[in-house]
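Content type mmCIF, C-alpha atoms, from the file data-v4.cif:
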data_coords
loop_
_atom_site.label_atom_id
_atom_site.label_comp_id
_atom_site.auth_asym_id
_atom_site.auth_seq_id
_atom_site.Cartn_x
_atom_site.Cartn_y
_atom_site.Cartn_z
CA MET A 1 58.32 -48.97 65.35
CA PRO A 2 55.79 -47.76 67.94
CA LYS A 3 57.20 -47.80 71.46
CA VAL A 4 54.21 -49.51 73.01
CA HIS A 5 54.37 -52.65 75.09
CA ASP A 6 53.02 -54.18 78.25
CA LYS A 7 55.52 -56.21 80.23
CA VAL A 8 54.04 -59.25 81.84
CA LYS A 9 52.40 -58.91 85.20
CA ALA A 10 51.81 -62.16 87.05
CA SER A 11 48.66 -63.79 85.69
CA VAL A 12 47.23 -60.44 84.53
CA LYS A 13 46.25 -60.10 80.89
CA PRO A 14 45.62 -56.71 79.30
CA ASP A 15 42.11 -55.76 78.26
CA TRP A 16 42.74 -56.47 74.58
CA LEU A 17 43.27 -60.17 75.38
CA LYS A 18 40.05 -60.55 77.32
CA ILE A 19 37.28 -62.20 75.34
CA ARG A 20 33.70 -62.96 76.19
CA ILE A 21 32.97 -66.64 75.66
CA ARG A 22 29.65 -67.29 73.96
CA SER A 23 28.24 -70.66 73.02
CA GLY A 24 24.95 -71.25 71.32
CA GLU A 25 23.10 -73.62 69.04
CA GLU A 26 25.73 -73.62 66.26
CA PHE A 27 28.54 -74.20 68.77
CA ALA A 28 26.66 -77.20 70.17
CA HIS A 29 25.99 -78.51 66.65
CA THR A 30 29.67 -78.34 65.68
CA ALA A 31 30.78 -79.86 68.98
CA GLY A 32 28.30 -82.68 68.47
CA ILE A 33 29.65 -83.53 65.00
CA VAL A 34 33.24 -83.50 66.26
CA ARG A 35 32.30 -85.77 69.15
CA GLU A 36 30.08 -88.13 67.13
CA HIS A 37 32.74 -88.79 64.51
CA GLY A 38 35.63 -89.15 66.96
CA LEU A 39 37.53 -86.24 65.44
CA HIS A 40 40.39 -84.24 66.85
CA THR A 41 40.59 -80.48 66.39
CA ILE A 42 43.43 -78.07 67.01
CA CYS A 43 40.71 -75.77 68.36
CA SER A 44 40.58 -77.97 71.47
CA SER A 45 44.07 -79.49 71.66
CA GLY A 46 45.70 -76.12 70.98
CA MET A 47 43.46 -74.31 73.49
CA CYS A 48 42.56 -71.72 70.86
CA PRO A 49 40.93 -68.57 72.30
CA ASN A 50 38.70 -68.31 69.22
CA LYS A 51 37.13 -71.75 69.59
CA ALA A 52 33.71 -70.51 70.70
CA GLU A 53 33.52 -67.91 67.93
CA CYS A 54 34.65 -70.26 65.17
CA TRP A 55 32.52 -73.19 66.27
CA GLY A 56 29.61 -70.76 66.54
CA ARG A 57 30.21 -69.96 62.84
CA LYS A 58 30.23 -73.69 62.01
CA THR A 59 33.96 -73.72 61.29
CA ALA A 60 36.69 -75.85 62.81
CA THR A 61 40.28 -76.87 62.12
CA PHE A 62 40.52 -80.64 61.93
CA MET A 63 43.61 -82.42 63.25
CA ILE A 64 44.47 -85.73 61.62
CA LEU A 65 46.92 -88.51 62.51
CA GLY A 66 45.72 -88.65 66.10
CA ASP A 67 46.14 -86.21 68.95
CA VAL A 68 49.59 -87.23 70.23
CA CYS A 69 52.66 -85.54 68.74
CA THR A 70 56.13 -87.04 68.53
CA ARG A 71 57.64 -83.65 69.32
CA GLY A 72 57.38 -81.58 72.49
CA CYS A 73 57.56 -77.92 71.53
CA ARG A 74 57.67 -75.68 74.58
CA PHE A 75 54.86 -73.41 73.36
CA CYS A 76 52.35 -76.07 72.31
CA ALA A 77 49.48 -77.57 74.32
CA THR A 78 49.12 -80.66 72.11
CA LYS A 79 49.95 -83.91 73.88
CA THR A 80 53.29 -85.58 73.25
CA GLY A 81 54.30 -89.17 73.89
CA VAL A 82 53.45 -92.61 72.51
CA THR A 83 51.38 -92.34 69.33
CA MET A 84 48.51 -94.53 68.15
CA PRO A 85 48.42 -96.48 64.87
CA VAL A 86 47.24 -94.56 61.82
CA ASP A 87 43.45 -94.65 61.43
CA ASN A 88 42.79 -95.19 57.72
CA ASP A 89 39.09 -94.34 58.18
CA GLU A 90 39.96 -90.85 59.38
CA PRO A 91 39.91 -89.17 55.92
CA ASP A 92 36.32 -90.29 55.30
CA ARG A 93 35.19 -89.19 58.76
CA VAL A 94 36.70 -85.75 58.24
CA ALA A 95 35.08 -85.49 54.80
CA ARG A 96 31.64 -86.48 56.13
CA SER A 97 31.92 -84.06 59.01
CA ILE A 98 32.81 -81.18 56.71
CA ALA A 99 29.72 -82.01 54.65
CA LEU A 100 27.50 -82.08 57.73
CA MET A 101 28.87 -78.72 58.87
CA GLY A 102 28.37 -77.25 55.42
CA LEU A 103 31.84 -75.68 55.37
CA ARG A 104 32.84 -73.51 52.41
CA HIS A 105 36.48 -73.52 53.52
CA ALA A 106 38.02 -76.40 55.47
CA VAL A 107 41.28 -76.21 57.40
CA ILE A 108 43.18 -79.40 58.20
CA THR A 109 46.30 -79.77 60.32
CA SER A 110 48.03 -82.64 62.10
CA VAL A 111 50.35 -83.60 64.87
CA THR A 112 53.92 -84.34 63.78
CA ARG A 113 54.49 -88.06 63.23
CA ASP A 114 58.24 -88.59 63.04
CA ASP A 115 57.55 -92.23 63.91
CA LEU A 116 56.01 -92.93 60.49
CA SER A 117 58.19 -93.73 57.49
CA ASP A 118 56.33 -91.18 55.36
CA GLY A 119 55.55 -88.77 58.19
CA GLY A 120 51.86 -89.31 57.49
CA ALA A 121 52.07 -87.86 53.97
CA SER A 122 49.92 -90.61 52.43
CA LEU A 123 47.12 -90.00 54.95
CA TRP A 124 47.37 -86.27 54.29
CA ALA A 125 46.86 -86.91 50.57
CA ALA A 126 44.02 -89.34 51.24
CA THR A 127 42.28 -86.79 53.44
CA VAL A 128 42.43 -84.05 50.82
CA LYS A 129 41.10 -86.50 48.21
CA ALA A 130 38.22 -87.62 50.46
CA VAL A 131 37.26 -84.06 51.36
CA ARG A 132 37.37 -83.00 47.71
CA GLU A 133 35.20 -85.89 46.57
CA ALA A 134 32.58 -85.40 49.27
CA ASN A 135 32.66 -81.59 49.17
CA PRO A 136 33.52 -80.43 45.62
CA GLU A 137 32.61 -76.80 46.36
CA THR A 138 34.69 -76.61 49.54
CA THR A 139 38.14 -75.03 49.39
CA ILE A 140 40.85 -76.81 51.35
CA GLU A 141 43.65 -75.33 53.44
CA LEU A 142 46.41 -77.41 55.01
CA LEU A 143 48.73 -76.58 57.88
CA ILE A 144 51.45 -79.21 57.66
CA PRO A 145 54.47 -80.25 59.77
CA ASP A 146 57.95 -79.87 58.30
CA MET A 147 58.04 -83.55 57.15
CA GLU A 148 61.71 -83.39 58.18
CA GLY A 149 62.26 -81.23 55.11
CA LYS A 150 61.92 -84.19 52.73
CA ALA A 151 60.83 -82.94 49.33
CA GLU A 152 59.41 -86.30 48.25
CA LEU A 153 57.03 -86.32 51.23
CA LEU A 154 55.96 -82.73 50.69
CA ASP A 155 55.25 -83.58 47.06
CA ILE A 156 52.90 -86.42 48.05
CA ILE A 157 50.79 -83.88 49.94
CA LEU A 158 51.00 -81.15 47.33
CA ALA A 159 50.00 -83.57 44.56
CA ALA A 160 46.56 -83.73 46.19
CA SER A 161 46.15 -80.05 45.18
CA PRO A 162 45.07 -78.20 48.33
CA ASP A 163 44.08 -74.56 47.76
CA ILE A 164 46.46 -73.18 50.41
CA THR A 165 49.34 -74.99 52.09
CA GLY A 166 50.81 -73.58 55.28
CA HIS A 167 53.72 -74.38 57.54
CA ASN A 168 54.30 -72.21 60.59
CA ILE A 169 57.71 -70.70 61.25
CA GLU A 170 56.31 -70.03 64.79
CA THR A 171 59.04 -67.73 66.12
CA VAL A 172 62.24 -65.90 65.21
CA GLU A 173 65.45 -67.72 64.38
CA ARG A 174 67.19 -66.99 67.69
CA LEU A 175 64.41 -68.52 69.79
CA THR A 176 63.71 -71.52 67.56
CA PRO A 177 66.19 -73.95 69.19
CA GLU A 178 64.78 -73.14 72.62
CA VAL A 179 61.06 -73.42 71.93
CA ARG A 180 60.62 -75.73 68.91
CA SER A 181 61.36 -79.41 69.45
CA ARG A 182 63.50 -80.91 66.66
CA ALA A 183 62.47 -78.10 64.34
CA ASP A 184 64.87 -75.87 62.47
CA TYR A 185 64.21 -72.31 61.32
CA ARG A 186 66.01 -72.74 57.99
CA ARG A 187 64.33 -76.08 57.37
CA SER A 188 60.93 -74.44 57.88
CA LEU A 189 61.87 -71.75 55.36
CA SER A 190 62.90 -74.47 52.90
CA VAL A 191 59.49 -76.15 53.33
CA ILE A 192 57.73 -72.87 52.57
CA ALA A 193 60.03 -72.28 49.59
CA HIS A 194 59.28 -75.76 48.26
CA ILE A 195 55.51 -75.18 48.53
CA ALA A 196 55.85 -71.91 46.61
CA ALA A 197 58.22 -73.40 44.02
CA ARG A 198 55.63 -76.06 43.20
CA GLY A 199 53.16 -73.30 42.35
CA HIS A 200 51.06 -73.51 45.51
CA THR A 201 49.94 -70.63 47.73
CA ALA A 202 52.25 -70.76 50.75
CA LYS A 203 51.22 -69.57 54.21
CA SER A 204 53.00 -69.25 57.55
CA GLY A 205 52.44 -67.94 61.06
CA ILE A 206 54.43 -66.20 63.80
CA MET A 207 53.78 -65.88 67.53
CA VAL A 208 55.07 -62.77 69.31
CA GLY A 209 55.58 -62.01 72.98
CA MET A 210 58.03 -64.87 73.45
CA GLY A 211 61.08 -62.70 73.96
CA GLU A 212 61.81 -61.66 70.38
CA THR A 213 62.65 -58.10 69.34
CA GLY A 214 60.77 -56.05 66.79
CA SER A 215 63.70 -56.14 64.39
CA GLU A 216 63.75 -59.95 64.63
CA VAL A 217 60.07 -60.10 63.67
CA LEU A 218 60.77 -57.89 60.64
CA ARG A 219 63.71 -60.11 59.67
CA THR A 220 61.42 -63.14 59.89
CA LEU A 221 58.93 -61.42 57.60
CA ASP A 222 61.79 -60.73 55.16
CA ASP A 223 62.86 -64.39 55.28
CA LEU A 224 59.30 -65.65 54.73
CA ARG A 225 58.71 -63.33 51.81
CA GLU A 226 62.04 -64.27 50.24
CA ALA A 227 60.98 -67.92 50.51
CA GLY A 228 57.82 -67.17 48.55
CA CYS A 229 55.31 -66.99 51.38
CA GLU A 230 52.11 -65.19 50.32
CA VAL A 231 50.02 -65.29 53.49
CA VAL A 232 51.20 -64.61 57.04
CA THR A 233 49.47 -64.53 60.42
CA ILE A 234 50.87 -62.83 63.51
CA GLY A 235 49.36 -63.38 66.95
CA GLN A 236 50.11 -63.13 70.65
CA TYR A 237 51.71 -66.16 72.29
CA LEU A 238 49.67 -67.33 75.26
CA ARG A 239 51.23 -69.80 77.67
CA PRO A 240 49.11 -73.00 77.83
CA THR A 241 50.36 -74.10 81.28
CA VAL A 242 53.07 -73.15 83.76
CA ARG A 243 55.20 -75.94 82.28
CA HIS A 244 55.38 -74.16 78.95
CA TRP A 245 57.55 -71.30 77.71
CA PRO A 246 56.77 -68.13 79.68
CA VAL A 247 55.21 -65.08 78.08
CA ALA A 248 57.81 -62.33 77.87
CA GLU A 249 55.36 -59.53 77.07
CA TYR A 250 51.85 -58.81 75.92
CA VAL A 251 52.25 -57.04 72.61
CA ALA A 252 49.90 -54.08 72.17
CA PRO A 253 47.45 -53.80 69.25
CA GLU A 254 49.42 -50.83 67.92
CA ILE A 255 52.45 -53.06 67.41
CA PHE A 256 50.37 -55.67 65.60
CA ALA A 257 49.05 -52.92 63.32
CA TYR A 258 52.64 -51.86 62.65
CA TYR A 259 53.66 -55.44 61.79
CA LYS A 260 50.68 -55.66 59.44
CA ARG A 261 51.73 -52.52 57.57
CA GLU A 262 55.31 -53.74 57.35
CA ALA A 263 54.22 -57.14 56.05
CA TYR A 264 52.08 -55.62 53.31
CA ALA A 265 54.96 -53.31 52.42
CA ARG A 266 57.05 -56.44 51.84
CA GLY A 267 54.58 -57.77 49.31
CA PHE A 268 52.49 -60.32 51.20
CA SER A 269 49.12 -60.96 49.57
CA TYR A 270 47.25 -61.29 52.85
CA VAL A 271 48.20 -60.45 56.44
CA ALA A 272 46.28 -61.13 59.66
CA SER A 273 47.99 -59.46 62.60
CA ALA A 274 46.26 -58.94 65.95
CA PRO A 275 46.58 -60.27 69.50
CA LEU A 276 44.06 -63.09 69.14
CA VAL A 277 44.92 -64.06 65.56
CA ARG A 278 45.73 -67.75 65.07
CA SER A 279 46.80 -69.61 61.94
CA SER A 280 43.33 -70.66 60.85
CA TYR A 281 41.28 -67.73 62.15
CA LEU A 282 39.02 -66.43 59.33
CA ALA A 283 41.28 -68.41 57.00
CA GLU A 284 38.89 -68.20 54.08
CA GLU A 285 39.57 -64.47 53.80
CA ALA A 286 43.21 -65.16 52.89
CA LEU A 287 42.21 -67.42 50.01
CA VAL A 288 39.81 -64.84 48.61
CA SER A 289 42.47 -62.14 48.89
CA CYS A 290 45.10 -64.26 47.11
CA ARG A 291 42.72 -65.12 44.29
CA ASP A 292 41.70 -61.49 43.87
CA ARG A 293 45.33 -60.45 43.74
CA SER A 294 46.14 -63.07 41.09
CA LYS A 295 43.31 -61.60 39.00
CA GLY A 296 44.58 -58.04 39.54
CA VAL A 297 41.69 -57.06 41.84
CA GLN A 298 42.65 -54.36 44.37
#
Can I see the file as structure tokens?
Amino acid sequence: MPKVHDKVKASVKPDWLKIRIRSGEEFAHTAGIVREHGLHTICSSGMCPNKAECWGRKTATFMILGDVCTRGCRFCATKTGVTMPVDNDEPDRVARSIALMGLRHAVITSVTRDDLSDGGASLWAATVKAVREANPETTIELLIPDMEGKAELLDIILAASPDITGHNIETVERLTPEVRSRADYRRSLSVIAHIAARGHTAKSGIMVGMGETGSEVLRTLDDLREAGCEVVTIGQYLRPTVRHWPVAEYVAPEIFAYYKREAYARGFSYVASAPLVRSSYLAEEALVSCRDRSKGVQ
């Protein structure tokens, strides 16, 4: 493994994490649709550094089931607290918005709703159905919570036939109890394994720079691949506020390139590994790569 790293200096980010924010006509158009239809996006709630670029390309990751999560993970900027009732009109609003944006590939995620008897699975399925009916040419990617590991709830979502279904492992096993609220590393692996066992393309994501070691990242890649994960994203953890988990180090691009090589060597169909990579960044590329691989295209 390359011996390259940049230990954290107070409030100083390395050059490779500095981005130039641009917003133009397409950004304003996307923002207007999100605002007009009362939608939530992980682009905003998750403070994604790629928001301007993606919205400028008329892409966005929609967040259903409200914007308040029942969990309080120490890395996440999404609000936690008292949730709102389920909005049964949300699937249609998401579907209409995707049509207005003209998306070829739509990504949908949600807050975790442990307060609901089905974890929100029925609304997940309804959203996929609505998007499919209104946008028959649009491929659909989901990034789902762990649904408390309940197979019957996962199956409700998978029965709607999304094109890619992801669940993020987020970090290595050792750090999971400290940074992920109510989540369990092995449970997350079981969710990914269940997605793959049902014949769906499984995806997951890892954040680095939280205090993990390189060997722990490689072990996580081994665990994901063993579970049947086909697509993996690896990106730099960035602390949302001073109340969140501190950044342990800024991982250099050379290390991300190393992780990418190692992931491909383990048999992943598609790997995105770079400092500013996030789960849904250029997500459509992963789907194309997986389909090409299934057809034997190199």
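Here the question is which of A:Thr213, A:Thr233, A:Ser279, A:Asn135 gets nearest to Ala257 (chain A) using only C-alpha atoms, and that residue is A:Thr233.
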Problem set entry | Given only C-alpha atoms as the counted atoms, nearest of A:Leu175, A:Ala134, A:Val251, A:Gly235 to Ala272 (chain A) | A:Gly235
Problem set entry | Selection: 8 Å around Gly228 (chain A), all atoms listed in the file, excl. self and same-chain fewer than 3 positions, as a list of chain:residue names | A:Ile192, A:Ala193, A:Ala196, A:Ala197, A:Ala202, A:Leu224, A:Arg225
For this session: Give me the result of the PyMOL selection byres ((chain A and resi 278) around 8) on this file, residue by residue, as a ChimeraX atom specification.
Result: /A:48,205,233-235,276-277,279-281
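Evaluating the PyMOL selection byres ((chain A and resi 159) around 12) against the shown model yields A:Ala121, A:Ser122, A:Trp124, A:Ala125, A:Ala126, A:Val128, A:Lys129, A:Ala151, A:Glu152, A:Leu153, A:Leu154, A:Asp155, A:Ile156, A:Ile157, A:Leu158, A:Ala160, A:Ser161, A:Pro162, A:Asp163, A:Thr165, A:Ile195, A:Arg198, A:Gly199, A:His200.
Going from CA of Asp222 (chain A) over to CA of Ser204 (chain A), you cover 12.5 Å.
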For this session: Kindly indicate which residue among A:Asp67, A:Asp118, A:Glu133, A:Glu284 lies nearest to Asp92 (chain A), using only C-alpha atoms for the distances.
Result: A:Glu133
Exercise. How far is it from CA of Ser269 (chain A) to CA of Val111 (chain A), in Å with one decimal?
Worked result: 27.4 Å
Exercise. Can you tell me how far CA of Val94 (chain A) sits from CA of Glu285 (chain A), in Å to one decimal?
Worked result: 21.9 Å
Selection result for the PyMOL selection byres ((chain A and resi 95) around 12) on this file, as a tab-separated table (two decimals) with C-alpha atoms, in the frame of the given file:
chain	number	residue	atom	x	y	z
A	33	ILE	CA	29.65	-83.53	65.00
A	34	VAL	CA	33.24	-83.50	66.26
A	37	HIS	CA	32.74	-88.79	64.51
A	39	LEU	CA	37.53	-86.24	65.44
A	62	PHE	CA	40.52	-80.64	61.93
A	64	ILE	CA	44.47	-85.73	61.62
A	89	ASP	CA	39.09	-94.34	58.18
A	90	GLU	CA	39.96	-90.85	59.38
A	91	PRO	CA	39.91	-89.17	55.92
A	92	ASP	CA	36.32	-90.29	55.30
A	93	ARG	CA	35.19	-89.19	58.76
A	94	VAL	CA	36.70	-85.75	58.24
A	96	ARG	CA	31.64	-86.48	56.13
A	97	SER	CA	31.92	-84.06	59.01
A	98	ILE	CA	32.81	-81.18	56.71
A	99	ALA	CA	29.72	-82.01	54.65
A	100	LEU	CA	27.50	-82.08	57.73
A	101	MET	CA	28.87	-78.72	58.87
A	102	GLY	CA	28.37	-77.25	55.42
A	103	LEU	CA	31.84	-75.68	55.37
A	106	ALA	CA	38.02	-76.40	55.47
A	107	VAL	CA	41.28	-76.21	57.40
A	108	ILE	CA	43.18	-79.40	58.20
A	126	ALA	CA	44.02	-89.34	51.24
A	127	THR	CA	42.28	-86.79	53.44
A	128	VAL	CA	42.43	-84.05	50.82
A	129	LYS	CA	41.10	-86.50	48.21
A	130	ALA	CA	38.22	-87.62	50.46
A	131	VAL	CA	37.26	-84.06	51.36
A	132	ARG	CA	37.37	-83.00	47.71
A	133	GLU	CA	35.20	-85.89	46.57
A	134	ALA	CA	32.58	-85.40	49.27
A	135	ASN	CA	32.66	-81.59	49.17
A	136	PRO	CA	33.52	-80.43	45.62
A	138	THR	CA	34.69	-76.61	49.54
A	140	ILE	CA	40.85	-76.81	51.35
